[in-house]
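Chemist: So here's upload20.tsv (TSV, C-alpha atoms).
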chain	number	residue	atom	x	y	z
A	78	MET	CA	-11.23	-22.32	9.19
A	79	ALA	CA	-8.20	-20.38	10.45
A	80	ARG	CA	-4.89	-22.24	10.71
A	81	GLN	CA	-1.79	-21.54	12.75
A	82	LYS	CA	0.26	-19.06	10.75
A	83	PRO	CA	4.05	-18.92	11.13
A	84	ASN	CA	5.31	-15.63	12.60
A	85	TRP	CA	7.21	-14.80	9.43
A	86	MET	CA	4.23	-15.34	7.17
A	87	GLY	CA	2.54	-11.99	7.91
A	88	PRO	CA	5.54	-9.81	6.98
A	89	ALA	CA	6.25	-12.06	3.98
A	90	ILE	CA	2.71	-11.59	2.65
A	91	GLU	CA	2.80	-7.85	3.26
A	92	TYR	CA	6.29	-7.01	1.98
A	93	GLY	CA	7.10	-9.97	-0.28
A	94	PRO	CA	5.45	-8.61	-3.45
A	95	ILE	CA	7.19	-5.24	-3.25
A	96	LEU	CA	10.56	-6.88	-2.53
A	97	ILE	CA	10.10	-9.13	-5.56
A	98	PHE	CA	9.15	-6.08	-7.61
A	99	MET	CA	12.33	-4.28	-6.55
A	100	GLY	CA	14.48	-7.39	-7.03
A	101	ILE	CA	13.29	-7.99	-10.59
A	102	TYR	CA	13.47	-4.31	-11.52
A	103	TYR	CA	17.05	-3.79	-10.35
A	104	GLY	CA	18.23	-7.29	-11.25
A	105	PHE	CA	16.59	-7.41	-14.66
A	106	ASP	CA	19.82	-7.28	-16.68
A	107	ARG	CA	21.26	-10.19	-14.72
A	108	ILE	CA	18.05	-12.17	-15.11
A	109	VAL	CA	18.10	-11.65	-18.89
A	110	ALA	CA	21.78	-12.59	-19.02
A	111	ALA	CA	21.09	-15.79	-17.07
A	112	PHE	CA	17.90	-16.65	-18.98
A	113	PRO	CA	18.22	-15.08	-22.46
A	114	HIS	CA	14.69	-15.95	-23.49
A	115	GLU	CA	13.04	-13.97	-26.26
A	116	LEU	CA	10.14	-13.09	-23.97
A	117	LEU	CA	12.48	-11.40	-21.48
A	118	GLN	CA	14.54	-9.75	-24.17
A	119	ASN	CA	11.47	-8.15	-25.70
A	120	THR	CA	10.11	-6.59	-22.52
A	121	THR	CA	11.19	-3.80	-20.17
A	122	GLN	CA	12.42	-4.14	-16.62
A	123	LEU	CA	9.37	-2.32	-15.25
A	124	ILE	CA	6.91	-4.60	-17.04
A	125	ALA	CA	8.86	-7.69	-15.92
A	126	ALA	CA	8.80	-6.39	-12.35
A	127	THR	CA	5.06	-5.80	-12.69
A	128	VAL	CA	4.53	-9.46	-13.62
A	129	GLY	CA	6.49	-10.49	-10.53
A	130	LEU	CA	4.38	-8.13	-8.40
A	131	MET	CA	1.15	-9.61	-9.75
A	132	ILE	CA	2.21	-13.22	-9.20
A	133	THR	CA	3.43	-12.67	-5.64
A	134	THR	CA	0.33	-10.62	-4.81
A	135	VAL	CA	-1.91	-13.52	-5.84
A	136	ILE	CA	0.26	-15.93	-3.83
A	137	GLY	CA	0.00	-13.64	-0.80
A	138	ILE	CA	-3.79	-13.45	-1.07
A	139	ALA	CA	-3.95	-17.26	-1.39
A	140	PHE	CA	-1.87	-17.72	1.75
A	141	SER	CA	-4.04	-15.22	3.64
A	142	LEU	CA	-7.13	-17.14	2.63
A	143	TYR	CA	-5.52	-20.46	3.55
A	144	TYR	CA	-4.30	-19.42	6.99
A	145	ASP	CA	-6.94	-16.90	8.06
A	146	GLY	CA	-9.97	-18.17	6.19
A	147	LYS	CA	-10.61	-14.64	4.89
A	148	ILE	CA	-8.92	-11.79	3.05
A	149	PRO	CA	-8.59	-8.44	4.87
A	150	LYS	CA	-10.28	-5.56	3.03
A	151	VAL	CA	-7.22	-3.33	2.53
A	152	PRO	CA	-5.00	-6.06	0.99
A	153	LEU	CA	-7.96	-7.18	-1.12
A	154	ILE	CA	-8.49	-3.68	-2.54
A	155	THR	CA	-4.78	-3.37	-3.21
A	156	ALA	CA	-4.68	-6.77	-4.92
A	157	VAL	CA	-7.65	-5.94	-7.17
A	158	VAL	CA	-6.02	-2.68	-8.29
A	159	VAL	CA	-2.67	-4.45	-8.82
A	160	MET	CA	-4.28	-7.09	-11.01
A	161	ILE	CA	-6.30	-4.59	-13.06
A	162	PHE	CA	-3.56	-2.04	-13.67
A	163	GLY	CA	-0.79	-4.61	-13.76
A	164	GLY	CA	-2.78	-6.62	-16.28
A	165	LEU	CA	-3.32	-3.54	-18.46
A	166	THR	CA	0.41	-2.75	-18.23
A	167	VAL	CA	1.40	-6.21	-19.44
A	168	TYR	CA	-1.37	-6.69	-22.02
A	169	LEU	CA	-0.95	-3.28	-23.63
A	170	ASN	CA	2.82	-3.16	-23.06
A	171	ASP	CA	2.31	0.28	-21.52
A	172	GLU	CA	4.08	1.22	-18.27
A	173	THR	CA	1.68	4.09	-17.65
A	174	PHE	CA	-0.92	1.89	-15.97
A	175	ILE	CA	1.34	0.44	-13.27
A	176	LYS	CA	2.61	3.94	-12.52
A	177	MET	CA	-0.99	5.06	-11.99
A	178	LYS	CA	-1.70	2.22	-9.56
A	179	PRO	CA	-0.51	4.06	-6.40
A	180	THR	CA	-2.60	7.07	-7.42
A	181	ILE	CA	-5.74	4.93	-7.70
A	182	ILE	CA	-5.10	3.08	-4.43
A	183	GLN	CA	-4.36	6.24	-2.45
A	184	THR	CA	-7.44	7.97	-3.90
A	185	ILE	CA	-9.66	5.00	-3.02
A	186	PHE	CA	-8.35	5.01	0.56
A	187	ALA	CA	-9.00	8.76	0.86
A	188	LEU	CA	-12.54	8.47	-0.53
A	189	VAL	CA	-13.33	5.55	1.77
A	190	LEU	CA	-12.10	7.47	4.83
A	191	PHE	CA	-13.95	10.67	3.93
A	192	GLY	CA	-17.07	8.76	2.90
A	193	GLY	CA	-17.09	6.73	6.08
A	194	LEU	CA	-16.69	9.84	8.22
A	195	PHE	CA	-19.01	12.32	6.51
A	196	ILE	CA	-21.67	9.98	5.12
A	197	PHE	CA	-21.80	7.14	7.65
A	198	LYS	CA	-20.34	9.10	10.60
A	199	ARG	CA	-17.75	6.40	11.21
A	200	PRO	CA	-14.01	7.09	11.58
A	201	LEU	CA	-12.76	4.07	9.63
A	202	ILE	CA	-9.18	4.53	10.82
A	203	LYS	CA	-10.33	3.39	14.27
A	204	PRO	CA	-10.91	-0.32	13.48
A	205	LEU	CA	-7.49	-0.47	11.83
A	206	MET	CA	-5.51	1.33	14.52
A	207	GLN	CA	-7.39	0.93	17.79
A	208	LYS	CA	-5.16	-1.90	18.99
A	209	ALA	CA	-2.21	0.48	18.85
A	210	TRP	CA	-3.90	3.72	19.90
A	211	ASN	CA	-6.68	4.21	22.44
A	212	MET	CA	-8.35	7.56	21.80
A	213	THR	CA	-11.60	9.47	22.13
A	214	ASP	CA	-14.05	9.67	19.23
A	215	GLU	CA	-12.92	13.24	18.52
A	216	GLY	CA	-9.34	12.04	18.26
A	217	TRP	CA	-10.31	9.36	15.76
A	218	ARG	CA	-12.31	11.91	13.75
A	219	ILE	CA	-9.34	14.26	13.49
A	220	LEU	CA	-6.97	11.43	12.63
A	221	THR	CA	-9.33	10.10	9.95
A	222	ILE	CA	-9.50	13.51	8.26
A	223	ARG	CA	-5.72	13.87	8.36
A	224	PHE	CA	-5.14	10.40	6.95
A	225	GLY	CA	-7.65	11.18	4.20
A	226	PHE	CA	-5.76	14.32	3.18
A	227	TYR	CA	-2.46	12.45	3.47
A	228	PHE	CA	-3.64	9.80	1.00
A	229	LEU	CA	-4.92	12.49	-1.39
A	230	GLY	CA	-1.59	14.28	-1.14
A	231	MET	CA	0.30	11.07	-1.88
A	232	ALA	CA	-1.93	10.44	-4.90
A	233	VAL	CA	-1.12	13.88	-6.30
A	234	LEU	CA	2.58	13.46	-5.50
A	235	ASN	CA	2.70	10.11	-7.30
A	236	GLU	CA	1.20	11.71	-10.40
A	237	ILE	CA	3.81	14.47	-10.32
A	238	VAL	CA	6.70	12.04	-9.82
A	239	TRP	CA	5.86	9.50	-12.52
A	240	ARG	CA	5.00	12.19	-15.07
A	241	THR	CA	8.18	14.22	-14.53
A	242	GLN	CA	10.88	11.79	-13.37
A	243	SER	CA	12.70	8.70	-14.65
A	244	ASN	CA	11.55	5.13	-14.02
A	245	ASP	CA	14.39	4.59	-11.53
A	246	PHE	CA	13.37	7.67	-9.56
A	247	TRP	CA	9.71	6.65	-9.56
A	248	VAL	CA	10.47	3.09	-8.39
A	249	ASN	CA	12.61	4.42	-5.52
A	250	PHE	CA	9.90	6.91	-4.61
A	251	LYS	CA	7.16	4.26	-4.79
A	252	VAL	CA	8.94	1.97	-2.35
A	253	LEU	CA	11.41	3.89	-0.18
A	254	GLY	CA	9.98	7.39	-0.49
A	255	SER	CA	6.39	6.39	0.21
A	256	MET	CA	7.36	4.33	3.24
A	257	GLY	CA	9.51	7.15	4.61
A	258	LEU	CA	6.74	9.72	4.16
A	259	MET	CA	4.24	7.41	5.86
A	260	VAL	CA	6.54	7.00	8.87
A	261	LEU	CA	7.09	10.76	9.07
A	262	PHE	CA	3.36	11.41	8.80
A	263	ILE	CA	2.51	8.96	11.58
A	264	PHE	CA	5.15	10.46	13.86
A	265	SER	CA	3.77	13.92	13.12
A	266	GLN	CA	0.38	12.81	14.48
A	267	TYR	CA	1.80	12.05	17.93
A	268	PRO	CA	0.49	15.33	19.46
A	269	VAL	CA	-3.08	14.40	18.42
A	270	ILE	CA	-2.67	10.83	19.69
A	271	ARG	CA	-1.33	12.11	23.01
A	272	ARG	CA	-3.94	14.86	23.38
A	273	TYR	CA	-6.92	12.55	22.85
A	274	HIS	CA	-5.43	9.49	24.51
A	275	LEU	CA	-7.75	7.46	26.73
A	276	PRO	CA	-5.97	5.91	29.72
A	277	GLU	CA	-6.08	2.15	30.02
A	278	GLU	CA	-7.94	0.70	32.99
A	279	ASP	CA	-4.71	-0.02	34.82
A	280	GLU	CA	-3.62	3.61	34.20
A	281	ALA	CA	-6.83	5.07	35.65
The structure given in the file should be rewritten as structure tokens.
Modeler:
Amino acid sequence: MARQKPNWMGPAIEYGPILIFMGIYYGFDRIVAAFPHELLQNTTQLIAATVGLMITTVIGIAFSLYYDGKIPKVPLITAVVVMIFGGLTVYLNDETFIKMKPTIIQTIFALVLFGGLFIFKRPLIKPLMQKAWNMTDEGWRILTIRFGFYFLGMAVLNEIVWRTQSNDFWVNFKVLGSMGLMVLFIFSQYPVIRRYHLPEEDEA
């Protein structure tokens, strides 16, 4: 049964885990100084931040289930990958796995979009975006293909960044860089959205 969800709850569930991740990563030295526990002293800031990401992700999923009575597919996929690769990172004390997480998630999204379009003939971007954009089927097909290639490109870019750059650079890219590139990509699709726009009934 769905319950009335506070207006701030949605953004908190969506962005809370990544903000906690960033906060722990960049505030790790202060956290260790304030709580000089052996467990903290024997770990790295990235692994500590990964633990925070996992905990807040589970909390977010629990709140979604409590308020909405269900878990949306995209956050569920993300949460599963976070728990698997975050768990491997912590258990094996190996930062490689959490750095691979964006690659896996972006690749899954791309495969789902391409599979939905070419196997099931369904542009799966449409159910996610149709409240914001009203377009023809051809417009949704083009947009689905472009989003698929965008996610593949981001997967490749993440691999390049984490394998060649420092942890600080990768963390900044993962959060700020990825968001910025997504915004730029969406804005770049405006000509397609405008070209295949379907007028609302009151516009007809």
Chemist: Tell me, in Å to one decimal, how far CA of Thr134 (chain A) is from CA of Pro94 (chain A).
Modeler: 5.7 Å
Chemist: Show which residues sit within 7 Å of Leu229 (chain A), as a ChimeraX atom specification. Count all atoms listed in the file, and ignore same-chain residues fewer than 6 positions away.
Modeler: /A:183-184,187
Chemist: Neighbourhood query: residues within 12 Å of (-3.7, -6.9, -14.7), file coordinates, counting all atoms listed in the file; return as a ChimeraX atom specification.
Modeler: /A:124,127-132,134-135,156-172,174-175,178
Chemist: Restricting it to C-alpha atoms, dump the selection as a CSV table (one decimal), in the coordinates of the input.
Modeler:
chain,number,residue,atom,x,y,z
A,124,ILE,CA,6.9,-4.6,-17.0
A,127,THR,CA,5.1,-5.8,-12.7
A,128,VAL,CA,4.5,-9.5,-13.6
A,129,GLY,CA,6.5,-10.5,-10.5
A,130,LEU,CA,4.4,-8.1,-8.4
A,131,MET,CA,1.2,-9.6,-9.8
A,132,ILE,CA,2.2,-13.2,-9.2
A,134,THR,CA,0.3,-10.6,-4.8
A,135,VAL,CA,-1.9,-13.5,-5.8
A,156,ALA,CA,-4.7,-6.8,-4.9
A,157,VAL,CA,-7.6,-5.9,-7.2
A,158,VAL,CA,-6.0,-2.7,-8.3
A,159,VAL,CA,-2.7,-4.4,-8.8
A,160,MET,CA,-4.3,-7.1,-11.0
A,161,ILE,CA,-6.3,-4.6,-13.1
A,162,PHE,CA,-3.6,-2.0,-13.7
A,163,GLY,CA,-0.8,-4.6,-13.8
A,164,GLY,CA,-2.8,-6.6,-16.3
A,165,LEU,CA,-3.3,-3.5,-18.5
A,166,THR,CA,0.4,-2.8,-18.2
A,167,VAL,CA,1.4,-6.2,-19.4
A,168,TYR,CA,-1.4,-6.7,-22.0
A,169,LEU,CA,-1.0,-3.3,-23.6
A,170,ASN,CA,2.8,-3.2,-23.1
A,171,ASP,CA,2.3,0.3,-21.5
A,172,GLU,CA,4.1,1.2,-18.3
A,174,PHE,CA,-0.9,1.9,-16.0
A,175,ILE,CA,1.3,0.4,-13.3
A,178,LYS,CA,-1.7,2.2,-9.6
Chemist: Compare A:Ile138, A:Leu190, A:Phe228, A:Val269 by their minimum atom-to-atom distance to Gly93 (chain A), counting only C-alpha atoms, and give me the closest one.
Modeler: A:Ile138
Chemist: Using all atoms listed in the file, what residues lie at most 12 Å away from (7.5, 4.5, -11.9) (file coordinates), given as a ChimeraX atom specification?
Modeler: /A:98-99,102,122-124,126-127,166,171-180,235-252
Chemist: In Å, rounded to a single decimal, give me how far CA of Tyr92 (chain A) is from CA of Ile222 (chain A).
Modeler: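 Value for the CA of Ile222 (chain A)-CA of Tyr92 (chain A) distance: 26.6 Å.
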Chemist: Give me the residues near region 141-153 of chain A as number ranges by chain, where near means some atom within 8 Å (using all atoms listed in the file) and where sequence neighbours in that chain fewer than 3 positions away do not count.
Modeler: A: 78-82, 90, 137-138, 156-157
Chemist: Assuming 3 Å of padding per side, give the centre and edge lengths of the axis-aligned box around every listed atom of region 161-180 of chain A, in Å to one decimal and as lines of an AutoDock Vina configuration file.
Modeler:
center_x = -1.1
center_y = 0.2
center_z = -15.0
size_x = 16.4
size_y = 19.8
size_z = 23.2
Chemist: Figure out the distance between CA of Arg199 (chain A) and CA of Ser265 (chain A), please, to one decimal in Å.
Modeler: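 According to the coordinates, CA of Ser265 (chain A) and CA of Arg199 (chain A) are separated by 22.9 Å.
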Chemist: Taking all atoms listed in the file into account, name the residue in A:Gly230, A:Ile270, A:Phe262, A:Gly192 that is nearest to Glu215 (chain A).
Modeler: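 Under the stated criterion, the closest residue is A:Ile270.
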